$ cat model.tsv   # TSV, C-alpha atoms
chain	number	residue	atom	x	y	z
P	1	MET	CA	-16.77	-57.84	20.93
P	2	LEU	CA	-19.64	-60.22	20.13
P	3	ILE	CA	-20.61	-58.17	17.08
P	4	GLU	CA	-16.99	-58.19	15.86
P	5	THR	CA	-16.83	-61.94	16.42
P	6	MET	CA	-20.08	-62.44	14.50
P	7	ARG	CA	-18.82	-60.25	11.66
P	8	PHE	CA	-15.56	-62.19	11.65
P	9	SER	CA	-17.54	-65.43	11.65
P	10	ASP	CA	-19.62	-64.31	8.66
P	11	GLU	CA	-16.53	-63.24	6.74
P	12	ARG	CA	-14.80	-66.48	7.69
P	13	SER	CA	-17.83	-68.51	6.55
P	14	GLY	CA	-17.49	-67.29	2.98
P	15	PHE	CA	-13.80	-68.01	3.10
P	16	MET	CA	-14.36	-71.50	4.48
P	17	ARG	CA	-16.96	-72.34	1.85
P	18	GLY	CA	-14.48	-71.21	-0.79
P	19	TRP	CA	-12.15	-73.91	0.56
P	20	GLY	CA	-14.92	-76.51	0.38
P	21	ILE	CA	-15.28	-76.99	4.13
P	22	ASP	CA	-18.67	-78.20	5.35
P	23	GLY	CA	-20.81	-76.39	7.95
P	24	GLY	CA	-19.72	-78.38	11.05
P	25	MET	CA	-16.04	-78.16	10.28
P	26	GLU	CA	-16.49	-74.54	9.28
P	27	GLU	CA	-18.04	-73.76	12.65
P	28	LEU	CA	-15.25	-75.57	14.48
P	29	MET	CA	-12.53	-73.76	12.53
P	30	THR	CA	-14.25	-70.42	13.17
P	31	GLU	CA	-14.35	-71.15	16.90
P	32	ILE	CA	-10.68	-72.11	16.86
P	33	VAL	CA	-9.72	-68.90	15.08
P	34	VAL	CA	-11.82	-66.81	17.50
P	35	HIS	CA	-10.22	-68.48	20.53
P	36	LEU	CA	-6.76	-68.05	19.04
P	37	SER	CA	-7.51	-64.40	18.44
P	38	GLN	CA	-8.59	-63.91	22.05
P	39	SER	CA	-5.52	-65.77	23.30
P	40	HIS	CA	-3.24	-63.62	21.17
P	41	GLN	CA	-4.93	-60.48	22.48
P	42	GLN	CA	-4.20	-61.57	26.05
P	43	MET	CA	-0.57	-62.35	25.20
P	44	ALA	CA	-0.28	-58.93	23.56
P	45	ARG	CA	-1.62	-57.31	26.75
P	46	ILE	CA	1.02	-59.11	28.81
P	47	LEU	CA	3.74	-58.01	26.42
P	48	ASP	CA	2.46	-54.44	26.56
P	49	ALA	CA	2.72	-54.50	30.35
P	50	LYS	CA	6.29	-55.78	30.10
P	51	ARG	CA	7.04	-53.05	27.58
P	52	GLN	CA	5.71	-50.40	29.93
P	53	VAL	CA	7.93	-51.68	32.75
P	54	THR	CA	10.95	-51.66	30.45
P	55	VAL	CA	10.20	-48.14	29.21
P	56	ARG	CA	9.76	-46.92	32.78
P	57	LEU	CA	13.08	-48.45	33.81
P	58	SER	CA	14.80	-46.76	30.89
P	59	HIS	CA	13.26	-43.42	31.94
P	60	ILE	CA	14.62	-43.94	35.43
P	61	VAL	CA	18.07	-44.64	34.03
P	62	GLN	CA	17.88	-41.51	31.85
P	63	GLY	CA	16.98	-39.50	34.94
P	64	LEU	CA	20.18	-40.47	36.72
P	65	PRO	CA	22.71	-37.66	36.96
P	66	ASP	CA	25.75	-37.92	34.71
P	67	VAL	CA	28.13	-36.67	37.37
P	68	GLN	CA	28.77	-38.57	40.60
P	69	PRO	CA	25.72	-40.81	40.76
P	70	GLN	CA	25.04	-42.23	44.21
P	71	LEU	CA	24.75	-45.89	43.26
P	72	ASN	CA	27.15	-47.45	45.74
P	73	GLY	CA	30.11	-46.95	43.48
P	74	LEU	CA	30.96	-48.69	40.27
P	75	THR	CA	29.57	-52.07	41.39
P	76	GLY	CA	26.16	-50.54	42.13
P	77	LEU	CA	26.12	-48.79	38.76
P	78	LEU	CA	27.06	-51.99	36.95
P	79	GLY	CA	24.39	-53.94	38.85
P	80	SER	CA	21.67	-51.42	38.01
P	81	SER	CA	22.70	-51.29	34.36
P	82	SER	CA	22.73	-55.07	34.23
P	83	GLN	CA	19.17	-55.25	35.59
P	84	VAL	CA	17.90	-52.79	32.97
P	85	ASN	CA	19.64	-54.74	30.20
P	86	LYS	CA	18.16	-58.02	31.48
P	87	SER	CA	14.70	-56.45	31.47
P	88	ILE	CA	15.09	-55.30	27.88
P	89	VAL	CA	16.37	-58.70	26.77
P	90	ALA	CA	13.50	-60.45	28.59
P	91	TYR	CA	10.98	-58.19	26.85
P	92	LEU	CA	12.51	-58.88	23.42
P	93	ASN	CA	12.54	-62.63	24.12
P	94	SER	CA	8.87	-62.46	25.14
P	95	LEU	CA	8.07	-60.63	21.93
P	96	ALA	CA	9.85	-63.32	19.91
P	97	ASP	CA	7.98	-66.06	21.81
P	98	PHE	CA	4.69	-64.27	21.08
P	99	GLN	CA	5.49	-64.13	17.36
P	100	ASP	CA	6.37	-67.83	17.39
P	101	ALA	CA	3.09	-68.68	19.16
P	102	VAL	CA	1.06	-66.70	16.62
P	103	ALA	CA	2.88	-68.33	13.72
P	104	ASP	CA	2.49	-71.85	15.18
P	105	SER	CA	-1.21	-71.49	15.87
P	106	LEU	CA	-1.96	-69.99	12.48
P	107	THR	CA	0.10	-72.72	10.82
P	108	ASN	CA	-2.04	-75.35	12.54
P	109	VAL	CA	-5.25	-73.64	11.40
P	110	VAL	CA	-4.03	-73.41	7.80
P	111	LYS	CA	-2.99	-77.09	7.88
P	112	ALA	CA	-6.41	-78.08	9.20
P	113	ILE	CA	-8.10	-76.08	6.46
P	114	THR	CA	-5.84	-77.65	3.83
P	115	VAL	CA	-6.51	-81.18	5.12
P	116	SER	CA	-10.27	-80.53	5.13
P	117	ASP	CA	-10.05	-79.14	1.62
P	118	GLU	CA	-8.25	-82.24	0.37
P	119	GLU	CA	-10.92	-84.52	1.83
$ encode --input "model.tsv" --output "structure tokens"
Amino acid sequence: MLIETMRFSDERSGFMRGWGIDGGMEELMTEIVVHLSQSHQQMARILDAKRQVTVRLSHIVQGLPDVQPQLNGLTGLLGSSSQVNKSIVAYLNSLADFQDAVADSLTNVVKAITVSDEE
């Protein structure tokens, strides 16, 4: 991970110099991007765990017999189906929130680079 970060830092350095950003600001922006990357990796891990739960629930639902399921009648079947649907919707909402967070953080980095370039 450290080697990848260093490689990323070196690649980023050339990019930053191309934008006319000095060494101190360049270092700060590189640190910000590295921390954002690590944060996004952790959010992706959380989303992957939610995905696995949702997939497992859908496998359980697929395993239910088509004829005379023992789910406490129609109300039990509706309740179980509702829980699976809520889980899927929650996962998709989390995925959308993750995409928004990535977009917001990258927007802030690009704005900071642009402001530094203008100075």
$ closest_residue --input "model.tsv" --among "P:Val84, P:Ala101, P:Val53, P:Ala112" --to "Leu36 (chain P)" --atoms "only C-alpha atoms"
P:Ala101
$ closest_residue --input "model.tsv" --among "P:Gln99, P:Thr30, P:Gln62, P:Asn72" --to "Met43 (chain P)" --atoms "only C-alpha atoms"
P:Gln99
$ atom_distance --input "model.tsv" --atom1 "CA of Leu28 (chain P)" --atom2 "CA of Ser116 (chain P)"
11.7 Å
$ atom_distance --input "model.tsv" --atom1 "CA of Gly79 (chain P)" --atom2 "CA of Gly63 (chain P)"
16.7 Å
$ residues_around --input "model.tsv" --residues "region 87-98 of chain P" --least-positions-apart "6" --cutoff "8 Å" --atoms "only C-alpha atoms" --output "ChimeraX atom specification"
/P:40,43-44,47,50-51,54
$ write_last_selection --input "model.tsv" --atoms "C-alpha atoms" --output "tab-separated table (two decimals), in the coordinates of the input"
chain	number	residue	atom	x	y	z
P	40	HIS	CA	-3.24	-63.62	21.17
P	43	MET	CA	-0.57	-62.35	25.20
P	44	ALA	CA	-0.28	-58.93	23.56
P	47	LEU	CA	3.74	-58.01	26.42
P	50	LYS	CA	6.29	-55.78	30.10
P	51	ARG	CA	7.04	-53.05	27.58
P	54	THR	CA	10.95	-51.66	30.45
$ closest_residue --input "model.tsv" --among "P:His35, P:Met29, P:His59, P:Gln41" --to "Thr114 (chain P)" --atoms "all atoms listed in the file"
P:Met29
